[in-house]
file run-v6.cif (mmCIF, C-alpha atoms)
data_target
#
loop_
_atom_site.label_atom_id
_atom_site.label_comp_id
_atom_site.auth_asym_id
_atom_site.auth_seq_id
_atom_site.Cartn_x
_atom_site.Cartn_y
_atom_site.Cartn_z
CA MET A 1 -17.46 -13.85 45.03
CA LYS A 2 -14.52 -13.28 47.35
CA ALA A 3 -15.12 -12.39 50.96
CA MET A 4 -15.28 -8.64 51.41
CA THR A 5 -12.76 -6.77 53.55
CA TRP A 6 -12.90 -3.31 55.08
CA PRO A 7 -11.06 -0.39 53.47
CA SER A 8 -7.39 0.09 54.23
CA THR A 9 -6.46 0.69 57.87
CA SER A 10 -5.04 4.16 57.27
CA ILE A 11 -8.20 5.46 55.59
CA PHE A 12 -10.41 3.86 58.22
CA SER A 13 -8.35 5.27 61.09
CA THR A 14 -8.40 8.79 59.63
CA LEU A 15 -12.17 8.80 59.27
CA VAL A 16 -12.77 7.40 62.75
CA LEU A 17 -10.33 9.88 64.34
CA THR A 18 -12.02 12.80 62.59
CA ALA A 19 -15.41 11.61 63.82
CA ILE A 20 -14.18 11.27 67.42
CA LEU A 21 -12.71 14.76 67.41
CA ALA A 22 -15.88 16.20 65.90
CA TYR A 23 -18.21 14.58 68.44
CA SER A 24 -17.36 16.89 71.31
CA PRO A 25 -19.62 16.34 74.34
CA THR A 26 -19.69 20.09 75.00
CA LEU A 27 -21.70 20.80 71.84
CA VAL A 28 -25.36 21.48 72.56
CA PHE A 29 -27.68 22.59 69.75
CA ALA A 30 -31.31 22.19 68.82
CA ALA A 31 -32.20 19.08 66.85
CA GLN A 32 -31.47 19.49 63.15
CA GLU A 33 -34.43 19.29 60.79
CA GLY A 34 -35.65 20.63 57.46
CA VAL A 35 -33.96 20.83 54.07
CA TYR A 36 -30.25 20.07 54.02
CA PHE A 37 -27.38 20.14 51.54
CA GLY A 38 -24.06 18.42 52.00
CA ILE A 39 -20.91 16.79 50.75
CA SER A 40 -19.65 13.25 51.31
CA ALA A 41 -16.38 11.34 51.10
CA ALA A 42 -16.10 7.55 51.13
CA ALA A 43 -13.55 4.76 51.20
CA GLU A 44 -14.89 1.71 49.39
CA GLU A 45 -13.78 -1.90 49.03
CA LEU A 46 -15.01 -2.97 45.58
CA ASP A 47 -15.21 -6.69 44.82
CA VAL A 48 -15.82 -7.66 41.18
CA SER A 49 -16.29 -11.11 39.66
CA VAL A 50 -16.47 -11.84 35.94
CA PHE A 51 -18.17 -14.87 34.41
CA LYS A 52 -17.29 -15.55 30.76
CA THR A 53 -19.01 -17.90 28.29
CA VAL A 54 -17.83 -18.91 24.81
CA ASP A 55 -20.62 -20.81 23.07
CA ASN A 56 -20.03 -22.76 19.85
CA THR A 57 -23.52 -24.28 19.62
CA PRO A 58 -25.23 -21.73 17.29
CA ASP A 59 -26.25 -23.18 13.92
CA GLY A 60 -23.55 -22.80 11.30
CA ASN A 61 -20.63 -22.67 13.75
CA MET A 62 -17.43 -23.19 11.71
CA THR A 63 -14.81 -23.60 14.44
CA LEU A 64 -12.86 -26.67 15.53
CA SER A 65 -14.77 -26.47 18.84
CA GLN A 66 -18.19 -26.82 17.24
CA ASP A 67 -20.99 -27.67 19.75
CA LYS A 68 -18.76 -26.97 22.75
CA ILE A 69 -19.28 -24.35 25.47
CA PHE A 70 -16.39 -22.95 27.52
CA THR A 71 -16.93 -21.07 30.80
CA GLU A 72 -14.57 -19.33 33.20
CA ARG A 73 -14.76 -17.11 36.28
CA ASP A 74 -12.33 -14.61 37.78
CA SER A 75 -12.57 -12.07 40.60
CA ALA A 76 -10.60 -9.18 42.09
CA THR A 77 -10.88 -6.71 44.97
CA LYS A 78 -9.87 -3.05 44.87
CA THR A 79 -9.91 -0.23 47.42
CA ALA A 80 -11.69 2.71 45.80
CA SER A 81 -12.92 6.16 46.80
CA GLY A 82 -15.91 8.39 46.28
CA PHE A 83 -16.83 12.06 46.62
CA GLY A 84 -20.32 13.43 46.26
CA PHE A 85 -23.13 15.87 46.95
CA VAL A 86 -26.47 15.34 48.70
CA LEU A 87 -29.77 17.21 48.89
CA GLY A 88 -32.38 16.02 51.35
CA TYR A 89 -35.05 16.67 53.93
CA GLN A 90 -35.13 15.54 57.59
CA ARG A 91 -38.09 15.57 59.98
CA PRO A 92 -39.04 14.05 63.36
CA LEU A 93 -41.62 11.27 63.40
CA HIS A 94 -43.24 12.37 66.70
CA TYR A 95 -42.86 8.85 68.06
CA GLY A 96 -40.44 9.26 70.90
CA SER A 97 -37.12 10.45 69.48
CA LEU A 98 -37.50 8.86 66.03
CA TYR A 99 -36.76 10.85 62.89
CA TRP A 100 -36.51 10.20 59.16
CA SER A 101 -34.81 11.72 56.14
CA GLY A 102 -34.98 11.29 52.39
CA GLU A 103 -32.46 12.54 49.88
CA ILE A 104 -31.09 12.46 46.36
CA ASN A 105 -27.34 12.16 45.90
CA LEU A 106 -24.63 12.24 43.27
CA ALA A 107 -21.11 10.80 43.63
CA TYR A 108 -17.94 10.47 41.58
CA HIS A 109 -15.66 7.49 42.09
CA GLY A 110 -12.01 6.53 41.70
CA GLY A 111 -10.38 3.10 41.65
CA LYS A 112 -10.28 0.23 39.16
CA ALA A 113 -10.59 -3.52 39.76
CA HIS A 114 -8.69 -5.71 37.31
CA GLY A 115 -7.92 -9.38 36.70
CA ARG A 116 -7.12 -12.03 34.12
CA LEU A 117 -9.14 -14.83 32.54
CA GLU A 118 -6.65 -17.61 31.84
CA GLY A 119 -8.50 -19.13 28.86
CA THR A 120 -8.87 -22.72 27.67
CA GLU A 121 -7.33 -24.43 24.63
CA ASP A 122 -9.44 -27.14 23.02
CA VAL A 123 -6.74 -29.82 22.94
CA ALA A 124 -9.13 -32.59 21.87
CA ALA A 125 -10.43 -30.61 18.88
CA ARG A 126 -6.91 -29.76 17.78
CA LYS A 127 -5.86 -33.41 17.93
CA THR A 128 -8.96 -34.50 15.98
CA TYR A 129 -8.18 -31.95 13.29
CA ASN A 130 -4.54 -33.02 13.04
CA ASP A 131 -5.39 -36.71 12.91
CA ALA A 132 -7.90 -36.10 10.13
CA ASN A 133 -5.54 -34.00 8.03
CA ASP A 134 -1.88 -34.73 8.74
CA PRO A 135 -0.67 -36.38 11.96
CA ASP A 136 2.67 -34.64 11.51
CA LEU A 137 1.09 -31.16 11.77
CA PRO A 138 2.15 -29.17 14.84
CA ALA A 139 -0.48 -28.80 17.54
CA PHE A 140 -0.67 -25.03 16.67
CA SER A 141 -0.48 -24.27 20.37
CA VAL A 142 1.20 -20.89 19.98
CA GLY A 143 -2.09 -19.15 20.75
CA PRO A 144 -5.86 -19.47 21.10
CA GLN A 145 -7.79 -20.48 17.99
CA VAL A 146 -11.18 -19.17 17.00
CA GLY A 147 -13.97 -20.71 19.09
CA GLU A 148 -11.69 -21.44 22.03
CA ASN A 149 -11.74 -19.53 25.31
CA TRP A 150 -9.15 -16.82 24.78
CA PRO A 151 -7.07 -15.57 27.74
CA GLU A 152 -8.01 -11.95 28.48
CA HIS A 153 -7.20 -9.09 30.81
CA TRP A 154 -10.23 -7.24 32.19
CA THR A 155 -10.88 -4.06 34.16
CA PHE A 156 -13.99 -2.70 35.90
CA GLU A 157 -14.06 0.99 36.80
CA LYS A 158 -16.84 3.07 38.36
CA ASP A 159 -17.27 6.59 37.00
CA TYR A 160 -20.23 8.26 38.71
CA SER A 161 -23.47 7.24 40.43
CA TYR A 162 -26.72 8.81 41.56
CA GLY A 163 -29.66 7.63 43.61
CA VAL A 164 -32.12 8.08 46.44
CA THR A 165 -31.64 7.10 50.10
CA LEU A 166 -33.99 6.88 53.07
CA ARG A 167 -32.82 6.97 56.70
CA LEU A 168 -34.68 6.10 59.88
CA GLY A 169 -33.09 7.02 63.16
CA GLY A 170 -33.49 7.62 66.85
CA ARG A 171 -31.80 9.58 69.61
CA PRO A 172 -30.99 7.23 72.51
CA GLU A 173 -30.38 8.96 75.80
CA PHE A 174 -26.87 7.58 76.28
CA LEU A 175 -25.83 9.15 72.98
CA THR A 176 -27.55 12.53 73.37
CA SER A 177 -26.13 12.98 76.88
CA ALA A 178 -22.63 12.43 75.53
CA LEU A 179 -22.79 14.13 72.11
CA GLY A 180 -25.65 16.60 72.32
CA PRO A 181 -29.40 16.61 71.61
CA ASP A 182 -29.03 16.09 67.87
CA ALA A 183 -26.88 12.96 68.21
CA GLY A 184 -28.51 9.89 66.78
CA LEU A 185 -28.18 6.40 65.39
CA TYR A 186 -29.86 5.45 62.12
CA ILE A 187 -30.26 2.78 59.49
CA LEU A 188 -30.36 3.51 55.75
CA ALA A 189 -31.62 1.93 52.56
CA GLY A 190 -31.31 3.18 49.01
CA VAL A 191 -31.09 2.47 45.30
CA ARG A 192 -28.49 3.80 42.87
CA ARG A 193 -27.62 3.87 39.19
CA ILE A 194 -23.90 3.45 38.62
CA GLU A 195 -22.14 4.24 35.35
CA ALA A 196 -19.15 1.91 35.00
CA GLU A 197 -16.72 0.89 32.26
CA TYR A 198 -15.77 -2.72 31.59
CA VAL A 199 -12.80 -3.42 29.29
CA ASN A 200 -11.49 -6.81 28.18
CA THR A 201 -8.37 -7.28 26.07
CA GLY A 202 -7.24 -10.53 24.46
CA THR A 203 -5.16 -11.91 21.60
CA GLY A 204 -6.42 -14.73 19.42
CA CYS A 205 -7.01 -16.19 15.98
CA PHE A 206 -9.80 -14.94 13.71
CA GLU A 207 -9.10 -17.39 10.89
CA THR A 208 -11.81 -19.93 10.02
CA PRO A 209 -10.76 -23.59 9.61
CA PRO A 210 -9.12 -24.97 7.58
CA ALA A 211 -7.11 -21.71 7.76
CA LEU A 212 -5.49 -21.84 11.20
CA CYS A 213 -3.08 -19.60 13.10
CA ALA A 214 0.24 -21.37 13.51
CA SER A 215 2.68 -18.49 14.15
CA ALA A 216 2.68 -15.45 16.44
CA GLU A 217 2.20 -13.13 13.47
CA ASP A 218 -1.18 -14.72 12.67
CA PHE A 219 -2.86 -13.59 15.88
CA GLU A 220 -4.71 -10.32 16.40
CA VAL A 221 -5.50 -8.17 19.43
CA SER A 222 -9.12 -7.66 20.43
CA VAL A 223 -10.15 -4.81 22.76
CA VAL A 224 -13.80 -4.45 23.80
CA ARG A 225 -14.82 -1.43 25.87
CA THR A 226 -18.37 -1.32 27.31
CA ASP A 227 -19.98 1.52 29.27
CA ARG A 228 -23.07 0.39 31.12
CA ASP A 229 -25.42 1.67 33.83
CA TYR A 230 -25.82 -0.77 36.71
CA SER A 231 -28.58 -0.75 39.30
CA ALA A 232 -27.59 -1.34 42.93
CA TRP A 233 -29.27 -1.39 46.32
CA THR A 234 -27.65 -0.18 49.53
CA LEU A 235 -28.08 -1.01 53.20
CA GLY A 236 -26.19 0.52 56.09
CA ALA A 237 -26.11 2.18 59.50
CA GLY A 238 -24.59 5.32 60.89
CA VAL A 239 -24.21 7.84 63.69
CA GLN A 240 -24.71 11.61 63.56
CA ALA A 241 -24.06 14.64 65.73
CA SER A 242 -23.96 18.44 65.51
CA LEU A 243 -20.75 20.34 64.79
CA ALA A 244 -22.37 23.75 65.05
CA GLU A 245 -25.79 25.33 64.77
CA GLN A 246 -27.39 23.96 61.56
CA ILE A 247 -24.23 21.92 60.78
CA GLY A 248 -24.28 18.14 61.16
CA LEU A 249 -21.76 15.35 60.72
CA GLN A 250 -22.61 11.74 59.86
CA VAL A 251 -20.37 8.69 59.70
CA GLU A 252 -21.88 5.54 58.24
CA ALA A 253 -20.95 2.05 57.08
CA TYR A 254 -22.80 0.51 54.15
CA TYR A 255 -23.06 -2.48 51.85
CA MET A 256 -23.95 -2.21 48.16
CA ASP A 257 -24.89 -5.02 45.77
CA TYR A 258 -24.93 -4.49 41.99
CA ASP A 259 -27.19 -6.22 39.50
CA SER A 260 -25.49 -8.60 37.09
CA GLU A 261 -25.21 -7.42 33.49
CA SER A 262 -24.68 -9.71 30.47
CA LEU A 263 -22.34 -7.99 28.01
CA VAL A 264 -22.87 -9.82 24.70
CA GLN A 265 -19.75 -9.32 22.60
CA LEU A 266 -20.53 -11.91 19.92
CA ASP A 267 -24.19 -12.89 19.52
CA GLY A 268 -23.74 -16.01 17.38
CA THR A 269 -25.04 -14.44 14.16
CA GLU A 270 -21.66 -13.30 12.81
CA ASP A 271 -19.79 -15.28 10.15
CA LEU A 272 -18.11 -17.55 12.72
CA ARG A 273 -21.38 -18.30 14.57
CA VAL A 274 -19.71 -17.96 18.00
CA ARG A 275 -21.51 -16.44 20.97
CA ALA A 276 -19.27 -14.72 23.56
CA VAL A 277 -20.64 -13.16 26.74
CA HIS A 278 -18.93 -11.45 29.69
CA GLU A 279 -20.98 -11.02 32.86
CA PRO A 280 -19.42 -8.73 35.48
CA ASP A 281 -20.96 -8.71 38.94
CA ALA A 282 -19.93 -6.41 41.80
CA GLU A 283 -20.51 -5.65 45.44
CA GLU A 284 -18.84 -3.34 47.91
CA VAL A 285 -18.62 -2.25 51.51
CA GLY A 286 -17.69 1.27 52.45
CA LEU A 287 -17.21 3.84 55.16
CA ARG A 288 -18.60 7.28 54.40
CA MET A 289 -18.39 10.68 56.10
CA ARG A 290 -21.00 13.37 55.37
CA LEU A 291 -21.00 17.06 56.29
CA LEU A 292 -24.51 18.58 56.17
CA ARG A 293 -25.88 22.12 56.29
CA TYR A 294 -29.53 22.46 57.38
CA PHE A 295 -31.77 25.35 56.29
#
call {"tool": "encode", "arguments": {"input": "run-v6.cif", "output": "C-alpha cells"}}
result
Amino acid sequence: MKAMTWPSTSIFSTLVLTAILAYSPTLVFAAQEGVYFGISAAAEELDVSVFKTVDNTPDGNMTLSQDKIFTERDSATKTASGFGFVLGYQRPLHYGSLYWSGEINLAYHGGKAHGRLEGTEDVAARKTYNDANDPDLPAFSVGPQVGENWPEHWTFEKDYSYGVTLRLGGRPEFLTSALGPDAGLYILAGVRRIEAEYVNTGTGCFETPPALCASAEDFEVSVVRTDRDYSAWTLGAGVQASLAEQIGLQVEAYYMDYDSESLVQLDGTEDLRVRAVHEPDAEEVGLRMRLLRYF
C-alpha cells in the first residue's frame, strides 16, 4: 500500500492549537475516575488498495481468454473525518500513578477514497481468434471483451463504526506539574467493526464467442455496489488533562488496520464460467480529540 501521510495541515493545526489552549497550567482538579460519557472528532488519512482478479480457468469457460488469469492492483489516499460518542469507565491501578480505562464507542465517518483499474486486453487471444476465422477481421479493440480484465472506476466509503478500546496511562510529574493532577499520557488498543461501501463501475462486452462486441453500441455498463462490515484493530497514544471539575480533554494519534475482504462478483458458475473478485484493503492514521464528562 502507499505510504501513509498525516491529515491536512489546517486540520492538524486547529486540533493542536485547541489542545494547547485547553491545557492551562492554572487548572487544578482531583484526578478523574469513574463512569464517563463523551464525544469525539477525528481527522483521518484513509489509504485504500484494491486487488482485482479475473479468472478464466473454471471448467466450461467460453471466453477467448480461456485458462488465463488477469490481476491488477490500484490504490488511493483520502483525507476523511469522523464524529462519535463514547461510554467508558476509568480507574487507578494503585501502582504509582498508573490508571486504566475501558469503553465502547460509536462513530460516523465522512470521506470517500476512489481510483481506477486500467484493465487488460487479451491481445494474443484476439489475434488467435482472428487468424482462425478471418485474418481481415478488425481487432475489435473498441472495448473490453468478456473474460478480459475490464477497466473500472472504484470507490470505498466508510459509513459508521463501533468497537471497544482499552487505555493504559500514567501521570508523570513533569506533566502534572504543568497541566494539573489529572494530566496523563496513555497508550490505547482496540478493535472495531466498520460498515463500508465498495462500488466498482465498468463497461464491457457480455457476448459469448463467436458473438463479439465490435462497436460502441455493443457494450454494456456494469455497476456493482457492496456493503460489508470490516474488522479492524487500532493502536495509538494520547495525552489528557482536565478542563474543569469532572470534565476531561484527550488528544490522541492512532493507527488502524482493516482486514482484507474478498468480494466475489462472479463465482465461476454462471453461464460464462468467469470468476471475478475484488479485494479492497485499507489502513488509516488519524488525530482525534475527545471531550469527556465523568460521573
call {"tool": "atom_distance", "arguments": {"input": "run-v6.cif", "atom1": "CA of Val264 in chain A", "atom2": "CA of Val50 in chain A"}}
result
13.1 Å
call {"tool": "atom_distance", "arguments": {"input": "run-v6.cif", "atom1": "CA of Gly143 in chain A", "atom2": "CA of Cys205 in chain A"}}
result
7.5 Å
call {"tool": "atom_distance", "arguments": {"input": "run-v6.cif", "atom1": "CA of Val146 in chain A", "atom2": "CA of Arg273 in chain A"}}
result
10.5 Å
call {"tool": "residues_around", "arguments": {"input": "run-v6.cif", "residues": "Tyr160 in chain A", "least_positions_apart": "5", "cutoff": "12 Å", "atoms": "only C-alpha atoms", "output": "ChimeraX atom specification"}}
result
/A:81-85,105-111,192-197,227-230
call {"tool": "closest_residue", "arguments": {"input": "run-v6.cif", "among": "A:Gly268, A:Gly180, A:Pro151, A:Pro92", "to": "Asp55 in chain A", "atoms": "all atoms listed in the file"}}
result
A:Gly268
call {"tool": "resolve_selection", "arguments": {"input": "run-v6.cif", "expression": "the PyMOL selection byres ((chain A and resi 97-104) around 6)", "output": "list in words"}}
result
Val86, Leu87, Gly88, Tyr89, Gln90, Arg91, Pro92, Leu93, Tyr95, Gly96, Asn105, Gly163, Val164, Thr165, Leu166, Arg167, Leu168, Gly169, Gly170 and Arg171 of chain A
call {"tool": "write_last_selection", "arguments": {"input": "run-v6.cif", "atoms": "C-alpha atoms", "output": "PDB file, in the frame of the given file"}}
result
ATOM      1  CA  VAL A  86     -26.470  15.340  48.700  1.00  0.00           C
ATOM      2  CA  LEU A  87     -29.770  17.210  48.890  1.00  0.00           C
ATOM      3  CA  GLY A  88     -32.380  16.020  51.350  1.00  0.00           C
ATOM      4  CA  TYR A  89     -35.050  16.670  53.930  1.00  0.00           C
ATOM      5  CA  GLN A  90     -35.130  15.540  57.590  1.00  0.00           C
ATOM      6  CA  ARG A  91     -38.090  15.570  59.980  1.00  0.00           C
ATOM      7  CA  PRO A  92     -39.040  14.050  63.360  1.00  0.00           C
ATOM      8  CA  LEU A  93     -41.620  11.270  63.400  1.00  0.00           C
ATOM      9  CA  TYR A  95     -42.860   8.850  68.060  1.00  0.00           C
ATOM     10  CA  GLY A  96     -40.440   9.260  70.900  1.00  0.00           C
ATOM     11  CA  ASN A 105     -27.340  12.160  45.900  1.00  0.00           C
ATOM     12  CA  GLY A 163     -29.660   7.630  43.610  1.00  0.00           C
ATOM     13  CA  VAL A 164     -32.120   8.080  46.440  1.00  0.00           C
ATOM     14  CA  THR A 165     -31.640   7.100  50.100  1.00  0.00           C
ATOM     15  CA  LEU A 166     -33.990   6.880  53.070  1.00  0.00           C
ATOM     16  CA  ARG A 167     -32.820   6.970  56.700  1.00  0.00           C
ATOM     17  CA  LEU A 168     -34.680   6.100  59.880  1.00  0.00           C
ATOM     18  CA  GLY A 169     -33.090   7.020  63.160  1.00  0.00           C
ATOM     19  CA  GLY A 170     -33.490   7.620  66.850  1.00  0.00           C
ATOM     20  CA  ARG A 171     -31.800   9.580  69.610  1.00  0.00           C
TER      21      ARG A 171
END
call {"tool": "residues_around", "arguments": {"input": "run-v6.cif", "residues": "Ala214 in chain A", "least_positions_apart": "5", "cutoff": "9 Å", "atoms": "all atoms listed in the file", "output": "PyMOL selection string"}}
result
chain A and resi 138-143+219
call {"tool": "residues_around", "arguments": {"input": "run-v6.cif", "residues": "Gly238 in chain A", "least_positions_apart": "2", "cutoff": "8 Å", "atoms": "all atoms listed in the file", "output": "list in words"}}
result
Leu185, Tyr186, Ile187, Leu188, Gly236, Gln240, Gln250, Val251, Glu252 and Ala253 of chain A
call {"tool": "resolve_selection", "arguments": {"input": "run-v6.cif", "expression": "the PyMOL selection byres ((chain A and resi 266) around 9)", "output": "ChimeraX atom specification"}}
result
/A:54,264-265,267-270,273-277
call {"tool": "closest_residue", "arguments": {"input": "run-v6.cif", "among": "A:Gly184, A:Gly204, A:Gly147, A:Pro135", "to": "Glu217 in chain A", "atoms": "all atoms listed in the file"}}
result
A:Gly204
call {"tool": "residues_around", "arguments": {"input": "run-v6.cif", "residues": "Asn61 in chain A", "least_positions_apart": "2", "cutoff": "9 Å", "atoms": "all atoms listed in the file", "output": "list in words"}}
result
Asn56, Thr57, Pro58, Asp59, Thr63, Leu64, Ser65, Gln66, Asp67, Gly147, Gly268, Asp271, Leu272, Arg273 and Val274 of chain A
call {"tool": "resolve_selection", "arguments": {"input": "run-v6.cif", "expression": "the PyMOL selection byres ((chain A and resi 249) around 10)", "output": "compact mmCIF listing (two decimals) with C-alpha atoms, keeping the file's coordinate frame"}}
result
# COMPACT_ATOMS: atom_id res chain seq x y z
CA ALA A 19 -15.41 11.61 63.82
CA ALA A 22 -15.88 16.20 65.90
CA TYR A 23 -18.21 14.58 68.44
CA GLY A 38 -24.06 18.42 52.00
CA SER A 40 -19.65 13.25 51.31
CA ALA A 183 -26.88 12.96 68.21
CA VAL A 239 -24.21 7.84 63.69
CA GLN A 240 -24.71 11.61 63.56
CA ALA A 241 -24.06 14.64 65.73
CA SER A 242 -23.96 18.44 65.51
CA LEU A 243 -20.75 20.34 64.79
CA ALA A 244 -22.37 23.75 65.05
CA ILE A 247 -24.23 21.92 60.78
CA GLY A 248 -24.28 18.14 61.16
CA GLN A 250 -22.61 11.74 59.86
CA VAL A 251 -20.37 8.69 59.70
CA MET A 289 -18.39 10.68 56.10
CA ARG A 290 -21.00 13.37 55.37
CA LEU A 291 -21.00 17.06 56.29
CA LEU A 292 -24.51 18.58 56.17
CA ARG A 293 -25.88 22.12 56.29
call {"tool": "closest_residue", "arguments": {"input": "run-v6.cif", "among": "A:Gly286, A:Pro280, A:Gly119, A:Pro172", "to": "Gly202 in chain A", "atoms": "only C-alpha atoms"}}
result
A:Gly119
call {"tool": "closest_residue", "arguments": {"input": "run-v6.cif", "among": "A:Asp47, A:Glu148, A:Glu245, A:Glu220", "to": "Gln32 in chain A", "atoms": "all atoms listed in the file"}}
result
A:Glu245
call {"tool": "residues_around", "arguments": {"input": "run-v6.cif", "residues": "Glu284 in chain A", "least_positions_apart": "3", "cutoff": "8 Å", "atoms": "only C-alpha atoms", "output": "PDB file with C-alpha atoms, keeping the file's coordinate frame"}}
result
ATOM      1  CA  MET A   4     -15.280  -8.640  51.410  1.00  0.00           C
ATOM      2  CA  GLU A  44     -14.890   1.710  49.390  1.00  0.00           C
ATOM      3  CA  GLU A  45     -13.780  -1.900  49.030  1.00  0.00           C
ATOM      4  CA  LEU A  46     -15.010  -2.970  45.580  1.00  0.00           C
ATOM      5  CA  ASP A  47     -15.210  -6.690  44.820  1.00  0.00           C
ATOM      6  CA  TYR A 255     -23.060  -2.480  51.850  1.00  0.00           C
ATOM      7  CA  MET A 256     -23.950  -2.210  48.160  1.00  0.00           C
ATOM      8  CA  ASP A 257     -24.890  -5.020  45.770  1.00  0.00           C
TER       9      ASP A 257
END
call {"tool": "closest_residue", "arguments": {"input": "run-v6.cif", "among": "A:Ala41, A:Val199, A:His278, A:Tyr162", "to": "Ala232 in chain A", "atoms": "only C-alpha atoms"}}
result
A:Tyr162
call {"tool": "closest_residue", "arguments": {"input": "run-v6.cif", "among": "A:Glu283, A:Glu121, A:Glu157, A:Glu33", "to": "Asp182 in chain A", "atoms": "only C-alpha atoms"}}
result
A:Glu33
